[in-house]
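Quick look at data_3.pdb (PDB, C-alpha atoms):
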```pdb
ATOM      1  CA  MET A   1     105.251 -22.731 -65.186
ATOM      2  CA  PRO A   2     102.183 -22.491 -67.418
ATOM      3  CA  ASN A   3     100.131 -24.951 -65.357
ATOM      4  CA  SER A   4     101.231 -23.823 -61.912
ATOM      5  CA  LEU A   5      98.777 -22.368 -59.460
ATOM      6  CA  ILE A   6      99.419 -18.756 -58.538
ATOM      7  CA  VAL A   7      98.392 -17.957 -55.005
ATOM      8  CA  SER A   8      98.444 -14.401 -53.775
ATOM      9  CA  SER A   9      99.534 -13.920 -50.206
ATOM     10  CA  SER A  10      98.753 -10.223 -50.097
ATOM     11  CA  PRO A  11      96.692  -9.075 -47.097
ATOM     12  CA  ALA A  12      93.921  -7.860 -49.403
ATOM     13  CA  ALA A  13      93.541 -11.350 -50.894
ATOM     14  CA  LEU A  14      93.134 -12.869 -47.442
ATOM     15  CA  ARG A  15      90.881 -10.163 -46.035
ATOM     16  CA  LEU A  16      87.257 -10.873 -45.255
ATOM     17  CA  LYS A  17      84.628  -8.559 -46.728
ATOM     18  CA  TRP A  18      83.276  -7.440 -43.343
ATOM     19  CA  ASP A  19      84.976  -6.655 -40.064
ATOM     20  CA  VAL A  20      81.747  -6.962 -38.060
ATOM     21  CA  PHE A  21      78.407  -8.690 -38.541
ATOM     22  CA  LEU A  22      75.589  -7.221 -36.436
ATOM     23  CA  SER A  23      72.951  -9.727 -35.356
ATOM     24  CA  PHE A  24      69.886  -8.140 -33.776
ATOM     25  CA  ARG A  25      66.098  -8.269 -33.498
ATOM     26  CA  GLY A  26      64.963  -5.325 -35.591
ATOM     27  CA  GLU A  27      61.808  -4.478 -33.698
ATOM     28  CA  ASP A  28      63.736  -4.330 -30.406
ATOM     29  CA  THR A  29      66.852  -2.369 -31.353
ATOM     30  CA  ARG A  30      67.085  -1.298 -35.031
ATOM     31  CA  HIS A  31      65.967   2.313 -34.565
ATOM     32  CA  GLY A  32      68.163   3.453 -31.752
ATOM     33  CA  PHE A  33      70.808   1.216 -30.274
ATOM     34  CA  THR A  34      71.739  -0.788 -33.389
ATOM     35  CA  GLU A  35      71.749   2.206 -35.745
ATOM     36  CA  ASN A  36      73.889   4.180 -33.281
ATOM     37  CA  LEU A  37      76.336   1.291 -32.921
ATOM     38  CA  TYR A  38      76.515   0.878 -36.714
ATOM     39  CA  GLU A  39      77.170   4.592 -37.235
ATOM     40  CA  SER A  40      79.830   4.701 -34.509
ATOM     41  CA  LEU A  41      81.703   1.712 -35.920
ATOM     42  CA  SER A  42      81.413   2.974 -39.503
ATOM     43  CA  LYS A  43      82.867   6.375 -38.509
ATOM     44  CA  GLU A  44      85.964   4.475 -37.349
ATOM     45  CA  ASP A  45      86.261   2.874 -40.816
ATOM     46  CA  ILE A  46      85.112  -0.487 -39.504
ATOM     47  CA  ARG A  47      83.305  -2.405 -42.228
ATOM     48  CA  VAL A  48      79.997  -3.388 -40.637
ATOM     49  CA  PHE A  49      77.296  -5.587 -42.143
ATOM     50  CA  LEU A  50      73.851  -4.340 -41.190
ATOM     51  CA  ASP A  51      71.072  -6.227 -42.940
ATOM     52  CA  ASN A  52      69.671  -3.253 -44.815
ATOM     53  CA  SER A  53      73.005  -1.590 -45.645
ATOM     54  CA  GLY A  54      75.014  -4.659 -46.611
ATOM     55  CA  MET A  55      72.435  -6.094 -49.001
ATOM     56  CA  ALA A  56      71.816  -5.156 -52.597
ATOM     57  CA  PRO A  57      68.260  -4.732 -53.927
ATOM     58  CA  GLY A  58      66.932  -8.130 -54.972
ATOM     59  CA  ASP A  59      69.229 -10.134 -52.667
ATOM     60  CA  GLU A  60      67.626 -13.118 -50.972
ATOM     61  CA  ILE A  61      67.606 -12.586 -47.230
ATOM     62  CA  ASP A  62      68.753 -15.979 -45.916
ATOM     63  CA  PRO A  63      71.676 -16.636 -48.309
ATOM     64  CA  THR A  64      72.879 -13.027 -48.088
ATOM     65  CA  LEU A  65      72.873 -13.056 -44.279
ATOM     66  CA  MET A  66      74.655 -16.404 -44.075
ATOM     67  CA  GLU A  67      77.300 -15.259 -46.589
ATOM     68  CA  ALA A  68      77.844 -12.065 -44.598
ATOM     69  CA  ILE A  69      78.282 -14.065 -41.380
ATOM     70  CA  GLU A  70      80.826 -16.313 -43.092
ATOM     71  CA  ASP A  71      82.630 -13.281 -44.554
ATOM     72  CA  SER A  72      82.916 -11.395 -41.216
ATOM     73  CA  ALA A  73      85.851 -11.400 -38.826
ATOM     74  CA  LEU A  74      83.631 -11.075 -35.748
ATOM     75  CA  SER A  75      79.998 -10.818 -34.772
ATOM     76  CA  ILE A  76      78.300  -8.502 -32.343
ATOM     77  CA  ILE A  77      75.112 -10.208 -31.179
ATOM     78  CA  ILE A  78      72.617  -7.804 -29.636
ATOM     79  CA  LEU A  79      70.506 -10.065 -27.448
ATOM     80  CA  SER A  80      67.206  -8.390 -26.616
ATOM     81  CA  PRO A  81      63.921  -9.542 -25.053
ATOM     82  CA  ARG A  82      62.411 -10.626 -28.414
ATOM     83  CA  TYR A  83      65.628 -11.877 -30.052
ATOM     84  CA  ALA A  84      64.622 -15.530 -29.692
ATOM     85  CA  ASN A  85      61.172 -14.798 -31.109
ATOM     86  CA  SER A  86      62.802 -14.704 -34.544
ATOM     87  CA  HIS A  87      63.908 -17.993 -36.074
ATOM     88  CA  TRP A  88      66.124 -15.920 -38.412
ATOM     89  CA  CYS A  89      68.014 -14.519 -35.410
ATOM     90  CA  LEU A  90      68.419 -18.019 -33.999
ATOM     91  CA  GLU A  91      69.713 -19.311 -37.343
ATOM     92  CA  GLU A  92      72.221 -16.460 -37.376
ATOM     93  CA  VAL A  93      73.491 -17.127 -33.870
ATOM     94  CA  ALA A  94      73.799 -20.861 -34.576
ATOM     95  CA  ARG A  95      75.858 -20.208 -37.730
ATOM     96  CA  ILE A  96      78.002 -17.647 -35.921
ATOM     97  CA  CYS A  97      78.784 -20.228 -33.216
ATOM     98  CA  GLU A  98      79.578 -22.914 -35.805
ATOM     99  CA  LEU A  99      82.248 -20.697 -37.370
ATOM    100  CA  ARG A 100      84.078 -20.315 -34.044
ATOM    101  CA  ARG A 101      85.063 -16.701 -34.649
ATOM    102  CA  LEU A 102      85.103 -13.875 -32.146
ATOM    103  CA  ILE A 103      81.691 -13.109 -30.635
ATOM    104  CA  LEU A 104      80.886  -9.969 -28.659
ATOM    105  CA  PRO A 105      77.487 -10.265 -26.982
ATOM    106  CA  VAL A 106      75.475  -7.226 -25.993
ATOM    107  CA  PHE A 107      72.832  -8.026 -23.383
ATOM    108  CA  TYR A 108      70.225  -5.428 -24.251
ATOM    109  CA  GLN A 109      67.661  -5.369 -21.444
ATOM    110  CA  VAL A 110      68.122  -9.120 -20.844
ATOM    111  CA  ASP A 111      69.832 -11.183 -18.176
ATOM    112  CA  PRO A 112      72.684 -13.380 -19.512
ATOM    113  CA  SER A 113      71.395 -16.278 -17.392
ATOM    114  CA  HIS A 114      68.075 -16.079 -19.281
ATOM    115  CA  ILE A 115      70.023 -16.319 -22.543
ATOM    116  CA  ARG A 116      72.076 -19.293 -21.296
ATOM    117  CA  ARG A 117      69.032 -21.201 -20.029
ATOM    118  CA  GLN A 118      66.383 -19.774 -22.420
ATOM    119  CA  LYS A 119      64.278 -18.573 -19.505
ATOM    120  CA  GLY A 120      62.448 -15.332 -18.773
ATOM    121  CA  PRO A 121      61.344 -13.550 -21.959
ATOM    122  CA  LEU A 122      62.871 -16.301 -24.144
ATOM    123  CA  GLU A 123      61.130 -19.305 -22.597
ATOM    124  CA  GLN A 124      57.821 -19.081 -24.475
ATOM    125  CA  ASP A 125      59.585 -18.360 -27.772
ATOM    126  CA  PHE A 126      61.559 -21.595 -27.503
ATOM    127  CA  MET A 127      58.442 -23.588 -26.633
ATOM    128  CA  ASP A 128      56.712 -22.141 -29.720
ATOM    129  CA  HIS A 129      59.725 -22.913 -31.917
ATOM    130  CA  MET A 130      59.794 -26.501 -30.628
ATOM    131  CA  GLU A 131      56.286 -27.069 -31.981
ATOM    132  CA  ARG A 132      57.071 -25.459 -35.324
ATOM    133  CA  PHE A 133      60.665 -26.555 -36.025
ATOM    134  CA  GLY A 134      61.240 -29.675 -33.915
ATOM    135  CA  GLU A 135      63.793 -30.946 -31.430
ATOM    136  CA  GLU A 136      66.868 -31.104 -33.684
ATOM    137  CA  LYS A 137      66.764 -27.536 -34.981
ATOM    138  CA  VAL A 138      65.679 -26.014 -31.672
ATOM    139  CA  GLY A 139      68.380 -28.015 -29.883
ATOM    140  CA  LYS A 140      70.991 -26.419 -32.157
ATOM    141  CA  TRP A 141      69.592 -22.966 -31.356
ATOM    142  CA  ARG A 142      69.560 -23.713 -27.609
ATOM    143  CA  GLU A 143      73.222 -24.750 -27.689
ATOM    144  CA  ALA A 144      74.179 -21.561 -29.529
ATOM    145  CA  MET A 145      72.273 -19.367 -27.067
ATOM    146  CA  LYS A 146      73.850 -21.239 -24.147
ATOM    147  CA  LYS A 147      77.294 -20.566 -25.600
ATOM    148  CA  VAL A 148      76.677 -16.874 -26.308
ATOM    149  CA  GLY A 149      75.045 -16.340 -22.916
ATOM    150  CA  GLY A 150      78.203 -17.698 -21.306
ATOM    151  CA  ILE A 151      80.507 -15.160 -22.983
ATOM    152  CA  SER A 152      81.410 -12.040 -21.060
ATOM    153  CA  GLY A 153      79.762  -9.157 -22.860
ATOM    154  CA  PHE A 154      78.289  -5.703 -22.567
ATOM    155  CA  PHE A 155      75.130  -4.758 -20.699
ATOM    156  CA  VAL A 156      72.620  -2.156 -21.855
ATOM    157  CA  SER A 157      69.622  -1.205 -19.733
ATOM    158  CA  ASP A 158      66.830   1.311 -20.229
ATOM    159  CA  ASP A 159      69.028   3.952 -18.624
ATOM    160  CA  ASP A 160      71.864   3.384 -21.124
ATOM    161  CA  ARG A 161      69.882   3.963 -24.334
TER     162      ARG A 161
END
```
Spit out the file's structure as structure tokens when you get a sec.
Amino acid sequence: MPNSLIVSSSPAALRLKWDVFLSFRGEDTRHGFTENLYESLSKEDIRVFLDNSGMAPGDEIDPTLMEAIEDSALSIIILSPRYANSHWCLEEVARICELRRLILPVFYQVDPSHIRRQKGPLEQDFMDHMERFGEEKVGKWREAMKKVGGISGFFVSDDDR
């Protein structure tokens, strides 16, 4: 069998690098909610990708984030008032939806209906993105937000922080 292909079926060979990918808007939740969530999950030996802990010095941001999303079993998307202000966040959520893996949304001081319909604090952000990125890309982001906003998730208000 010198030319045969050897395929390992061990669980380690099939295991993804990350259990959880955290998608969040840094200025809204990094110092507080997201760090606390990361620490709590990590204490339970859950392998969590957090942009500044899962990246090596010198890594390019976009490719590293997309690889981490693809190499994660599930994503926790922390949807906050300024989440849609970031085209990076919208790229993340679109890729997460494309992969069709488990998504756990956290509605952090936002109404899920605003996420689904891109209204309220998200409305102006999407109008601004339309001018900058165009109909096709923004349409992809809108579909992803509609999908995530329609998933039963967790709610965090000012009182819960």
Review point. How many Å separate atom CA of A:Leu37 from atom CA of A:Lys140?
Key: 28.2 Å
**Study point:** Separation of atom CA of A:Tyr83 from atom CA of A:Met66, in Å and rounded to one decimal
**Key:**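 Going from atom CA of A:Tyr83 over to atom CA of A:Met66 covers 17.3 Å.
Proximity ranking of A:Asp51, A:Asp45, A:Pro121, A:Asp128 relative to A:Arg30 places A:Asp51 first, based on only C-alpha atoms.
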Residues selected by the PyMOL selection byres ((chain A and resi 99-105) around 9), written as a tab-separated table (two decimals) with C-alpha atoms, in the coordinates of the input:
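result21.tsv written:
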```tsv
chain	number	residue	atom	x	y	z
A	69	ILE	CA	78.28	-14.06	-41.38
A	70	GLU	CA	80.83	-16.31	-43.09
A	72	SER	CA	82.92	-11.40	-41.22
A	73	ALA	CA	85.85	-11.40	-38.83
A	74	LEU	CA	83.63	-11.08	-35.75
A	75	SER	CA	80.00	-10.82	-34.77
A	76	ILE	CA	78.30	-8.50	-32.34
A	77	ILE	CA	75.11	-10.21	-31.18
A	78	ILE	CA	72.62	-7.80	-29.64
A	79	LEU	CA	70.51	-10.06	-27.45
A	94	ALA	CA	73.80	-20.86	-34.58
A	95	ARG	CA	75.86	-20.21	-37.73
A	96	ILE	CA	78.00	-17.65	-35.92
A	97	CYS	CA	78.78	-20.23	-33.22
A	98	GLU	CA	79.58	-22.91	-35.80
A	106	VAL	CA	75.47	-7.23	-25.99
A	107	PHE	CA	72.83	-8.03	-23.38
A	148	VAL	CA	76.68	-16.87	-26.31
A	149	GLY	CA	75.04	-16.34	-22.92
A	151	ILE	CA	80.51	-15.16	-22.98
A	152	SER	CA	81.41	-12.04	-21.06
A	153	GLY	CA	79.76	-9.16	-22.86
A	154	PHE	CA	78.29	-5.70	-22.57
A	155	PHE	CA	75.13	-4.76	-20.70
```
Check your understanding: What is the distance between atom CA of A:Asp71 and atom CA of A:Glu91, in Å to one decimal?
Key ->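 Between atom CA of A:Asp71 and atom CA of A:Glu91 the gap works out to 16.0 Å.
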Exercise for review: For the structure shown, which residues end up in the PyMOL selection byres ((chain A and resi 141) around 12)? Put them as a VMD selection string, please?
Suggested key: chain A and resid 83 to 98 115 to 118 122 125 to 126 129 to 130 133 to 140 142 to 148
Practice item. Considering all atoms listed in the file, state which residue in the set A:Trp18, A:Pro81, A:Val156, A:Lys43 is at the smallest distance from A:Lys119. Key: A:Pro81
Exercise for review: Using all atoms listed in the file, find the one residue out of A:Gln109, A:Gln124, A:Ser80, A:Ser42 that sits nearest to A:Ser23.
Suggested key: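 Among the listed residues, the smallest separation from A:Ser23 belongs to A:Ser80.
Counting all atoms listed in the file, the residue from A:Tyr108, A:Asp62, A:Arg47, A:Glu39 that sits nearest to A:Phe24 is A:Tyr108.
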What are the centre and the three edge lengths of an axis-aligned box that wraps all atoms of stretch 126-135 of chain A in the file, given that 5 Å is added to every side, written as lines of an AutoDock Vina configuration file and rounded to one decimal in Å?
```
center_x = 60.0
center_y = -26.3
center_z = -31.3
size_x = 17.5
size_y = 19.4
size_z = 19.4
```
